[in-house]
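> Sending over a structure as structure tokens; questions will come in a sec.
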Amino acid sequence: MLCPCGSCKPFSLCCEPYYSILNLKQNCPDNDKILIDWLEKYSEPIEKTFMSKTEVYIFRISLYFNKIFDSYFTLGFKPYLLQQKELDNQIISIKLNILHSLIASLSCLSQGLFLQSGIILRSLIEDCLVLLDISENDEQLQKFVSETYSINNLISRTKKSVPPNIIEWYGYFSANFTHFGQVHSAPYLPRACYSDNYVIVVGLQNLIRAIVTIHIVLERIYFKQVPEHFFWKEDTQGGCLKFNNESTIFSWTDKLGSEINQTYPLNEHKKGYNYSDKTFKFK
Ligand SMILES: [Zn+2]
């Protein structure tokens with residue numbers, strides 16, 4: 001008899017010992033393969049519905065992110081006498097990991113994995129703040145170079161260099177997603193119809209917050225190397241960077257946000273769809 005794992009080997013020479021240790025019977029209908037089924041059956045239809053509902057927004061968000069990517073992602077560290085090349089490569093790697101976290105978060109959200117999508121974004125913001133920390137604090141740079149860098153007190157070291165909303169967003173992702181909170185016990189299930197509007201609305205808003213954070217941090221770090229500025233202005237005495245609360249990027253995010261809200265009203269319940277009970281508030 002061939003092994004059900006798909007190896008084309010006889011069962012007795014393949015997975016049989018793993019079955020018998022667990023006291024499972026071959027071909028027993030109770031042997032659900034949740035993990036493989038997720039990859040092969042469930043994730044794709046959820047993702048398809050997500051894209052059909054949000055494609056225009058993902059497109060616009062993607063255009064914005066591309067601009068940030070083209071401006072900042074290939075730049076290395078600021079001019080530095082020692083280990084320039086190694087440091088440049090490490091900084092580029094951190095930025096690529098930030099990009100991959102953004103993609104992973106979008107990928108989770110597209111498959112209905114809402115909570116998990118937010119957990120990744122908290123880690124993304126942390127990496128952004130680390131970039132800022134080692135760019136602006138020589139003592140932390142020394143620790144980074146000598147591989148003794150630690151994120152302890154990262155927020156207190158970096159909060160003076162970012163607008164308060166970034167620290168608030170970091171707290172929001174920590175309190176609601178990374179750490180146990182109401183979202184963790186909410187009766188929400190990923191569904192092929194992607195019915196829960198609040199997941200679409202909050203999920204996209206989370207992604208936009210993460211991208212704006214990346215932009216604010218990178219524009220500050222590379223202020224002198226990049227000619228176009230959206231968030232930071234040099235004050236008249238020169239030297240100090242001041243944050244522009246009236247940045248055109250906020251008009252962009254407000255416009256997109258209100259369009260998403262109008263298309264997907266939070267409490268909409270259409271006939272014939274299954275909805276999760278929304279019984280929690282974000283902290
Ligand atoms: Zn097998």
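Numbering starts fresh at 1 for the residues of each chain in the structure tokens, the chains themselves are lettered A, B, ... in the order given, and ligands are numbered from 1 as they appear.
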Counting only C-alpha atoms and all ligand atoms, what residues are within 10 Å of ligand 1, given as a ChimeraX atom specification?
/A:2-19
> What does the file look like for those residues with C-alpha atoms, as a PDB file, in the first residue's frame?

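What follows is the written file part.pdb:
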ATOM      1  CA  LEU A   2       1.361   3.427  -0.954  1.00  0.00           C
ATOM      2  CA  CYS A   3       2.000   5.966   1.754  1.00  0.00           C
ATOM      3  CA  PRO A   4      -0.701   8.676   2.029  1.00  0.00           C
ATOM      4  CA  CYS A   5       1.973  11.381   2.325  1.00  0.00           C
ATOM      5  CA  GLY A   6       2.440  11.316  -1.443  1.00  0.00           C
ATOM      6  CA  SER A   7       6.042  10.028  -1.441  1.00  0.00           C
ATOM      7  CA  CYS A   8       5.119   7.049  -3.736  1.00  0.00           C
ATOM      8  CA  LYS A   9       6.958   4.743  -1.293  1.00  0.00           C
ATOM      9  CA  PRO A  10       5.279   1.833   0.502  1.00  0.00           C
ATOM     10  CA  PHE A  11       3.555   2.966   3.702  1.00  0.00           C
ATOM     11  CA  SER A  12       5.598   0.512   5.800  1.00  0.00           C
ATOM     12  CA  LEU A  13       8.885   2.049   4.581  1.00  0.00           C
ATOM     13  CA  CYS A  14       7.797   5.680   4.857  1.00  0.00           C
ATOM     14  CA  CYS A  15       5.434   7.260   7.406  1.00  0.00           C
ATOM     15  CA  GLU A  16       4.237   4.058   9.122  1.00  0.00           C
ATOM     16  CA  PRO A  17       6.518   4.415  12.185  1.00  0.00           C
ATOM     17  CA  TYR A  18       5.283   7.981  12.674  1.00  0.00           C
ATOM     18  CA  TYR A  19       1.684   6.725  12.553  1.00  0.00           C
TER      19      TYR A  19
END
> Quick one: residues within 7 Å of Arg122 in chain A, only C-alpha atoms counted, chain neighbours fewer than 4 positions away excluded, as a list of chain:residue names?
A:Gly118, A:Glu126, A:Tyr170, A:Phe173, A:Ser174
> From the options A:Trp252, A:Phe177, A:Phe223, A:Tyr172, which residue's atoms come nearest to Gly239 in chain A, counting only C-alpha atoms?
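Checking each of A:Trp252, A:Phe177, A:Phe223, A:Tyr172 against Gly239 in chain A, counting only C-alpha atoms, the winner is A:Phe223.
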> Rounded to one decimal place, report the CA of Asn152 in chain A-CA of Leu132 in chain A distance in Å.
14.4 Å
> Show which residues sit within 10 Å of range 267-275 of chain A, as a ChimeraX atom specification. Count only C-alpha atoms, and ignore same-chain residues fewer than 2 positions away.
/A:187-189,191,193-198,264-265,277-278
> What are the DSSP strand (DSSP E) residues of range 134-283 of chain A, as number ranges by chain?
A: 232-234, 241-243
> What does the file look like for those residues with all heavy atoms, as a compact mmCIF listing (two decimals), in the first residue's frame?

# COMPACT_ATOMS: atom_id res chain seq x y z
N TRP A 232 9.69 65.90 6.98
CA TRP A 232 10.65 66.61 7.83
C TRP A 232 11.12 67.90 7.16
O TRP A 232 11.26 67.94 5.94
CB TRP A 232 11.86 65.71 8.12
CG TRP A 232 11.51 64.48 8.89
CD1 TRP A 232 11.30 63.23 8.38
CD2 TRP A 232 11.29 64.36 10.29
NE1 TRP A 232 10.96 62.35 9.37
CE2 TRP A 232 10.95 63.02 10.56
CE3 TRP A 232 11.35 65.27 11.37
CZ2 TRP A 232 10.68 62.56 11.85
CZ3 TRP A 232 11.08 64.80 12.65
CH2 TRP A 232 10.74 63.46 12.88
N LYS A 233 11.33 68.92 8.01
CA LYS A 233 11.88 70.18 7.53
C LYS A 233 13.05 70.55 8.42
O LYS A 233 12.99 70.33 9.65
CB LYS A 233 10.84 71.31 7.68
CG LYS A 233 9.73 71.29 6.66
CD LYS A 233 8.94 72.60 6.80
CE LYS A 233 7.46 72.32 6.72
NZ LYS A 233 6.60 73.36 7.21
N GLU A 234 14.07 71.13 7.78
CA GLU A 234 15.19 71.62 8.58
C GLU A 234 14.76 72.94 9.20
O GLU A 234 14.20 73.78 8.49
CB GLU A 234 16.40 71.84 7.68
CG GLU A 234 17.69 71.42 8.33
CD GLU A 234 18.77 71.13 7.29
OE1 GLU A 234 18.51 71.30 6.09
OE2 GLU A 234 19.85 70.74 7.69
N LEU A 241 15.81 68.74 12.75
CA LEU A 241 14.70 68.42 11.85
C LEU A 241 13.37 68.56 12.60
O LEU A 241 13.22 68.07 13.71
CB LEU A 241 14.84 67.00 11.31
CG LEU A 241 16.01 66.73 10.37
CD1 LEU A 241 16.01 65.27 9.92
CD2 LEU A 241 15.97 67.65 9.15
N LYS A 242 12.43 69.26 11.96
CA LYS A 242 11.10 69.43 12.58
C LYS A 242 10.07 68.64 11.79
O LYS A 242 10.10 68.63 10.56
CB LYS A 242 10.71 70.92 12.56
CG LYS A 242 11.37 71.70 13.68
CD LYS A 242 10.68 73.04 13.89
CE LYS A 242 9.34 72.88 14.59
NZ LYS A 242 8.71 74.13 14.97
N PHE A 243 9.15 68.00 12.51
CA PHE A 243 8.14 67.19 11.84
C PHE A 243 7.00 68.07 11.33
O PHE A 243 6.54 68.96 12.03
CB PHE A 243 7.59 66.13 12.80
CG PHE A 243 6.71 65.14 12.09
CD1 PHE A 243 7.26 64.17 11.26
CD2 PHE A 243 5.33 65.19 12.23
CE1 PHE A 243 6.46 63.27 10.59
CE2 PHE A 243 4.52 64.29 11.57
CZ PHE A 243 5.08 63.33 10.75
> Between CA of Val145 in chain A and CA of Gln90 in chain A, what is the spacing in Å?
9.7 Å
> Which residues of range 228-259 of chain A come within 12 Å of range 62-71 of chain A, and for each one, what is the closest pair of atoms and their distance in Å to one decimal, counting only C-alpha atoms, sorted by chain and residue number, as a Markdown table?

| residue | atom | partner | partner_atom | distance |
| --- | --- | --- | --- | --- |
| A:Glu228 | CA | A:Ser71 | CA | 9.1 |
| A:His229 | CA | A:Ser71 | CA | 10.8 |
| A:Phe230 | CA | A:Ile68 | CA | 11.0 |
| A:Ile249 | CA | A:Tyr64 | CA | 9.5 |
| A:Trp252 | CA | A:Tyr64 | CA | 9.6 |
| A:Thr253 | CA | A:Tyr64 | CA | 10.2 |
| A:Leu256 | CA | A:Tyr64 | CA | 11.6 |
> If you run DSSP on this backbone, which residues of range 44-234 of chain A come out as helix (DSSP H, G or I), and could you give them as a ChimeraX atom specification?
/A:44-72,84-110,114-136,138-145,154-161,164-178,182-185,197-221
> With distances taken over only C-alpha atoms, which of A:Ile166, A:Ile61, A:Leu106, A:Ile92 is nearest to Gly257 in chain A?
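Counting only C-alpha atoms, the residue closest to Gly257 in chain A is A:Ile61.
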> Need to verify the contact set: Asn165 in chain A, 10 Å, only C-alpha atoms, exclusion of same-chain residues closer than 5 positions in sequence. Can you return it as a list of chain:residue names?
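The neighbour list is A:Lys159, A:Tyr170, A:Gly171, A:Arg209, A:Thr213.
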> Can you write out the residues you just picked, keeping N, CA, C and O atoms, as an mmCIF file, in the first residue's frame?

data_model
loop_
_atom_site.group_PDB
_atom_site.id
_atom_site.type_symbol
_atom_site.label_atom_id
_atom_site.label_comp_id
_atom_site.auth_asym_id
_atom_site.auth_seq_id
_atom_site.Cartn_x
_atom_site.Cartn_y
_atom_site.Cartn_z
ATOM 1 N N LYS A 159 12.014 57.969 20.925
ATOM 2 C CA LYS A 159 10.740 58.696 20.831
ATOM 3 C C LYS A 159 10.922 60.192 20.552
ATOM 4 O O LYS A 159 10.036 60.820 19.975
ATOM 5 N N TYR A 170 2.939 51.852 17.724
ATOM 6 C CA TYR A 170 3.732 50.743 18.268
ATOM 7 C C TYR A 170 2.991 50.158 19.487
ATOM 8 O O TYR A 170 2.859 48.934 19.623
ATOM 9 N N GLY A 171 2.481 51.054 20.345
ATOM 10 C CA GLY A 171 1.717 50.615 21.519
ATOM 11 C C GLY A 171 0.433 49.903 21.120
ATOM 12 O O GLY A 171 0.053 48.893 21.720
ATOM 13 N N ARG A 209 -0.468 52.380 8.181
ATOM 14 C CA ARG A 209 0.299 52.912 9.314
ATOM 15 C C ARG A 209 1.745 52.424 9.272
ATOM 16 O O ARG A 209 2.678 53.179 9.535
ATOM 17 N N THR A 213 5.059 54.754 8.753
ATOM 18 C CA THR A 213 6.162 54.677 9.729
ATOM 19 C C THR A 213 7.494 54.479 9.015
ATOM 20 O O THR A 213 8.485 55.170 9.316
#
> Set the distance at 7 Å and use only C-alpha atoms: which residues neighbour Asp88 in chain A once local chain neighbours fewer than 3 positions away are removed? I'd like the list as JSON, numbers by chain.
{"A": [76, 77, 84, 85, 91, 92]}
> Could you pull the residues within 10 Å of Leu129 in chain A, counting only C-alpha atoms, minus those fewer than 3 positions along the same chain, as an mmCIF file with all heavy atoms, in the first residue's frame?

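The result, written out as out.cif:
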data_model
loop_
_atom_site.group_PDB
_atom_site.id
_atom_site.type_symbol
_atom_site.label_atom_id
_atom_site.label_comp_id
_atom_site.auth_asym_id
_atom_site.auth_seq_id
_atom_site.Cartn_x
_atom_site.Cartn_y
_atom_site.Cartn_z
ATOM 1 N N SER A 123 6.559 44.078 14.882
ATOM 2 C CA SER A 123 7.972 43.763 14.712
ATOM 3 C C SER A 123 8.601 44.661 13.635
ATOM 4 O O SER A 123 9.759 45.088 13.763
ATOM 5 C CB SER A 123 8.082 42.272 14.368
ATOM 6 O OG SER A 123 9.234 41.995 13.676
ATOM 7 N N LEU A 124 7.828 44.973 12.592
ATOM 8 C CA LEU A 124 8.300 45.876 11.533
ATOM 9 C C LEU A 124 8.616 47.268 12.106
ATOM 10 O O LEU A 124 9.669 47.849 11.815
ATOM 11 C CB LEU A 124 7.226 45.961 10.439
ATOM 12 C CG LEU A 124 7.444 46.865 9.230
ATOM 13 C CD1 LEU A 124 6.635 46.332 8.047
ATOM 14 C CD2 LEU A 124 7.049 48.305 9.484
ATOM 15 N N ILE A 125 7.709 47.785 12.941
ATOM 16 C CA ILE A 125 7.952 49.118 13.516
ATOM 17 C C ILE A 125 9.185 49.087 14.418
ATOM 18 O O ILE A 125 9.998 50.008 14.416
ATOM 19 C CB ILE A 125 6.699 49.621 14.280
ATOM 20 C CG1 ILE A 125 5.539 49.824 13.283
ATOM 21 C CG2 ILE A 125 6.998 50.927 15.031
ATOM 22 C CD1 ILE A 125 4.247 50.306 13.906
ATOM 23 N N GLU A 126 9.337 47.992 15.154
ATOM 24 C CA GLU A 126 10.524 47.869 16.006
ATOM 25 C C GLU A 126 11.804 47.953 15.166
ATOM 26 O O GLU A 126 12.750 48.661 15.526
ATOM 27 C CB GLU A 126 10.470 46.541 16.764
ATOM 28 C CG GLU A 126 11.563 46.389 17.790
ATOM 29 C CD GLU A 126 11.381 45.111 18.581
ATOM 30 O OE1 GLU A 126 10.531 45.087 19.481
ATOM 31 O OE2 GLU A 126 12.087 44.127 18.284
ATOM 32 N N LEU A 132 16.682 53.837 13.235
ATOM 33 C CA LEU A 132 16.790 55.207 13.718
ATOM 34 C C LEU A 132 17.776 55.289 14.892
ATOM 35 O O LEU A 132 18.629 56.183 14.945
ATOM 36 C CB LEU A 132 15.393 55.671 14.156
ATOM 37 C CG LEU A 132 15.142 57.143 14.327
ATOM 38 C CD1 LEU A 132 15.399 57.889 13.023
ATOM 39 C CD2 LEU A 132 13.688 57.366 14.756
ATOM 40 N N ASP A 133 17.652 54.335 15.789
ATOM 41 C CA ASP A 133 18.495 54.289 16.988
ATOM 42 C C ASP A 133 19.972 54.240 16.617
ATOM 43 O O ASP A 133 20.777 55.039 17.116
ATOM 44 C CB ASP A 133 18.097 53.045 17.803
ATOM 45 C CG ASP A 133 18.642 53.052 19.220
ATOM 46 O OD1 ASP A 133 18.963 54.156 19.730
ATOM 47 O OD2 ASP A 133 18.738 51.961 19.827
ATOM 48 N N ILE A 134 20.343 53.350 15.707
ATOM 49 C CA ILE A 134 21.777 53.227 15.390
ATOM 50 C C ILE A 134 22.246 54.346 14.467
ATOM 51 O O ILE A 134 23.433 54.629 14.384
ATOM 52 C CB ILE A 134 22.148 51.833 14.820
ATOM 53 C CG1 ILE A 134 21.326 51.488 13.578
ATOM 54 C CG2 ILE A 134 21.998 50.771 15.870
ATOM 55 C CD1 ILE A 134 21.626 50.117 13.026
ATOM 56 N N SER A 135 21.299 55.019 13.781
ATOM 57 C CA SER A 135 21.700 56.159 12.949
ATOM 58 C C SER A 135 21.949 57.396 13.790
ATOM 59 O O SER A 135 22.744 58.254 13.417
ATOM 60 C CB SER A 135 20.613 56.504 11.929
ATOM 61 O OG SER A 135 20.378 55.422 11.104
ATOM 62 N N ILE A 151 17.585 45.857 22.254
ATOM 63 C CA ILE A 151 16.452 46.769 22.076
ATOM 64 C C ILE A 151 15.891 47.268 23.412
ATOM 65 O O ILE A 151 14.925 48.021 23.428
ATOM 66 C CB ILE A 151 15.310 46.143 21.241
ATOM 67 C CG1 ILE A 151 14.755 44.900 21.920
ATOM 68 C CG2 ILE A 151 15.730 45.862 19.816
ATOM 69 C CD1 ILE A 151 13.256 44.840 21.818
ATOM 70 N N LEU A 154 14.581 50.875 23.794
ATOM 71 C CA LEU A 154 14.559 51.399 22.426
ATOM 72 C C LEU A 154 13.586 52.568 22.295
ATOM 73 O O LEU A 154 13.909 53.596 21.693
ATOM 74 C CB LEU A 154 14.156 50.272 21.451
ATOM 75 C CG LEU A 154 13.935 50.669 19.989
ATOM 76 C CD1 LEU A 154 15.245 51.104 19.352
ATOM 77 C CD2 LEU A 154 13.329 49.509 19.201
ATOM 78 N N ILE A 155 12.388 52.416 22.882
ATOM 79 C CA ILE A 155 11.365 53.464 22.730
ATOM 80 C C ILE A 155 11.826 54.761 23.396
ATOM 81 O O ILE A 155 11.712 55.834 22.818
ATOM 82 C CB ILE A 155 10.018 52.998 23.327
ATOM 83 C CG1 ILE A 155 9.516 51.736 22.603
ATOM 84 C CG2 ILE A 155 8.968 54.097 23.274
ATOM 85 C CD1 ILE A 155 9.245 51.910 21.131
ATOM 86 N N ARG A 157 14.782 55.775 23.863
ATOM 87 C CA ARG A 157 15.892 56.385 23.113
ATOM 88 C C ARG A 157 15.426 57.035 21.812
ATOM 89 O O ARG A 157 16.038 57.977 21.333
ATOM 90 C CB ARG A 157 16.962 55.333 22.761
ATOM 91 C CG ARG A 157 17.808 54.870 23.928
ATOM 92 C CD ARG A 157 19.071 54.166 23.428
ATOM 93 N NE ARG A 157 18.801 53.005 22.595
ATOM 94 C CZ ARG A 157 18.639 51.766 23.053
ATOM 95 N NH1 ARG A 157 18.696 51.524 24.345
ATOM 96 N NH2 ARG A 157 18.411 50.768 22.224
ATOM 97 N N THR A 158 14.359 56.507 21.194
ATOM 98 C CA THR A 158 13.996 56.981 19.851
ATOM 99 C C THR A 158 12.773 57.900 19.824
ATOM 100 O O THR A 158 12.520 58.526 18.807
ATOM 101 C CB THR A 158 13.722 55.782 18.909
ATOM 102 O OG1 THR A 158 12.802 54.903 19.541
ATOM 103 C CG2 THR A 158 15.000 55.047 18.570
ATOM 104 N N LYS A 159 12.014 57.969 20.925
ATOM 105 C CA LYS A 159 10.740 58.696 20.831
ATOM 106 C C LYS A 159 10.922 60.192 20.552
ATOM 107 O O LYS A 159 10.036 60.820 19.975
ATOM 108 C CB LYS A 159 9.838 58.436 22.034
ATOM 109 C CG LYS A 159 10.293 59.010 23.326
ATOM 110 C CD LYS A 159 9.257 58.689 24.405
ATOM 111 C CE LYS A 159 9.763 59.150 25.752
ATOM 112 N NZ LYS A 159 9.062 58.496 26.855
ATOM 113 N N SER A 161 12.817 61.360 18.370
ATOM 114 C CA SER A 161 13.137 61.517 16.943
ATOM 115 C C SER A 161 11.980 61.160 16.015
ATOM 116 O O SER A 161 12.156 61.130 14.800
ATOM 117 C CB SER A 161 14.331 60.637 16.577
ATOM 118 O OG SER A 161 15.428 60.950 17.380
ATOM 119 N N VAL A 162 10.834 60.819 16.587
ATOM 120 C CA VAL A 162 9.667 60.505 15.746
ATOM 121 C C VAL A 162 8.441 61.238 16.285
ATOM 122 O O VAL A 162 8.389 61.574 17.471
ATOM 123 C CB VAL A 162 9.369 58.981 15.700
ATOM 124 C CG1 VAL A 162 10.399 58.239 14.874
ATOM 125 C CG2 VAL A 162 9.235 58.395 17.094
ATOM 126 N N ILE A 166 3.774 57.554 15.959
ATOM 127 C CA ILE A 166 4.484 56.294 15.704
ATOM 128 C C ILE A 166 4.612 55.485 17.001
ATOM 129 O O ILE A 166 4.426 54.265 17.009
ATOM 130 C CB ILE A 166 5.875 56.566 15.078
ATOM 131 C CG1 ILE A 166 5.645 57.076 13.657
ATOM 132 C CG2 ILE A 166 6.749 55.319 15.090
ATOM 133 C CD1 ILE A 166 6.867 57.155 12.801
ATOM 134 N N ILE A 167 4.884 56.185 18.096
ATOM 135 C CA ILE A 167 4.974 55.490 19.386
ATOM 136 C C ILE A 167 3.587 54.960 19.781
ATOM 137 O O ILE A 167 3.452 53.845 20.292
ATOM 138 C CB ILE A 167 5.541 56.443 20.473
ATOM 139 C CG1 ILE A 167 6.920 56.980 20.041
ATOM 140 C CG2 ILE A 167 5.627 55.746 21.826
ATOM 141 C CD1 ILE A 167 7.983 55.936 19.744
ATOM 142 N N TYR A 170 2.939 51.852 17.724
ATOM 143 C CA TYR A 170 3.732 50.743 18.268
ATOM 144 C C TYR A 170 2.991 50.158 19.487
ATOM 145 O O TYR A 170 2.859 48.934 19.623
ATOM 146 C CB TYR A 170 5.122 51.239 18.653
ATOM 147 C CG TYR A 170 6.035 50.157 19.155
ATOM 148 C CD1 TYR A 170 6.607 49.236 18.289
ATOM 149 C CD2 TYR A 170 6.319 50.043 20.521
ATOM 150 C CE1 TYR A 170 7.436 48.230 18.753
ATOM 151 C CE2 TYR A 170 7.155 49.042 20.990
ATOM 152 C CZ TYR A 170 7.709 48.145 20.096
ATOM 153 O OH TYR A 170 8.527 47.149 20.567
ATOM 154 N N THR A 213 5.059 54.754 8.753
ATOM 155 C CA THR A 213 6.162 54.677 9.729
ATOM 156 C C THR A 213 7.494 54.479 9.015
ATOM 157 O O THR A 213 8.485 55.170 9.316
ATOM 158 C CB THR A 213 5.934 53.508 10.725
ATOM 159 O OG1 THR A 213 4.683 53.703 11.387
ATOM 160 C CG2 THR A 213 7.050 53.419 11.744
ATOM 161 N N ILE A 214 7.523 53.547 8.064
ATOM 162 C CA ILE A 214 8.758 53.296 7.304
ATOM 163 C C ILE A 214 9.207 54.595 6.628
ATOM 164 O O ILE A 214 10.376 54.977 6.690
ATOM 165 C CB ILE A 214 8.524 52.205 6.226
ATOM 166 C CG1 ILE A 214 8.171 50.857 6.868
ATOM 167 C CG2 ILE A 214 9.764 52.048 5.330
ATOM 168 C CD1 ILE A 214 7.713 49.787 5.868
ATOM 169 N N VAL A 217 10.528 57.342 9.133
ATOM 170 C CA VAL A 217 11.841 56.984 9.684
ATOM 171 C C VAL A 217 12.933 57.109 8.616
ATOM 172 O O VAL A 217 13.985 57.713 8.848
ATOM 173 C CB VAL A 217 11.793 55.558 10.292
ATOM 174 C CG1 VAL A 217 13.199 55.027 10.556
ATOM 175 C CG2 VAL A 217 10.973 55.563 11.583
ATOM 176 N N LEU A 218 12.677 56.569 7.422
ATOM 177 C CA LEU A 218 13.732 56.590 6.390
ATOM 178 C C LEU A 218 13.987 58.010 5.881
ATOM 179 O O LEU A 218 15.123 58.374 5.609
ATOM 180 C CB LEU A 218 13.383 55.639 5.242
ATOM 181 C CG LEU A 218 13.386 54.150 5.600
ATOM 182 C CD1 LEU A 218 13.088 53.296 4.370
ATOM 183 C CD2 LEU A 218 14.716 53.717 6.218
#
> Using only C-alpha atoms, determine which residues lie at most 8 Å from range 31-44 of chain A, disregarding the query and same-chain residues fewer than 4 positions distant; provide the list as a ChimeraX atom specification.
/A:24,27,48,111,192
> Kindly export the residues of the current selection with N, CA, C and O atoms, as a PDB file, in the first residue's frame.

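Contents of selection_38.pdb, as written:
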ATOM      1  N   LEU A  24      -2.084   6.140  15.353  1.00  0.00           N
ATOM      2  CA  LEU A  24      -3.023   6.517  14.294  1.00  0.00           C
ATOM      3  C   LEU A  24      -3.158   5.356  13.316  1.00  0.00           C
ATOM      4  O   LEU A  24      -2.231   4.568  13.143  1.00  0.00           O
ATOM      5  N   ASN A  27      -5.377   5.903   6.561  1.00  0.00           N
ATOM      6  CA  ASN A  27      -6.649   6.143   5.872  1.00  0.00           C
ATOM      7  C   ASN A  27      -7.845   6.317   6.809  1.00  0.00           C
ATOM      8  O   ASN A  27      -8.990   6.169   6.388  1.00  0.00           O
ATOM      9  N   LYS A  48      -8.294  35.095  -2.843  1.00  0.00           N
ATOM     10  CA  LYS A  48      -8.961  35.563  -4.071  1.00  0.00           C
ATOM     11  C   LYS A  48     -10.054  36.580  -3.752  1.00  0.00           C
ATOM     12  O   LYS A  48     -10.172  37.609  -4.413  1.00  0.00           O
ATOM     13  N   GLN A 111      -5.067  36.287   3.510  1.00  0.00           N
ATOM     14  CA  GLN A 111      -5.610  34.954   3.791  1.00  0.00           C
ATOM     15  C   GLN A 111      -6.554  34.964   4.993  1.00  0.00           C
ATOM     16  O   GLN A 111      -6.921  33.914   5.513  1.00  0.00           O
ATOM     17  N   ALA A 192     -13.882  32.158   3.241  1.00  0.00           N
ATOM     18  CA  ALA A 192     -13.676  32.300   1.794  1.00  0.00           C
ATOM     19  C   ALA A 192     -14.433  33.492   1.220  1.00  0.00           C
ATOM     20  O   ALA A 192     -14.061  34.010   0.176  1.00  0.00           O
TER      21      ALA A 192
END
> Just the number, please: distance in Å from CA of Asn206 in chain A to CA of Ile120 in chain A, one decimal.
10.6 Å
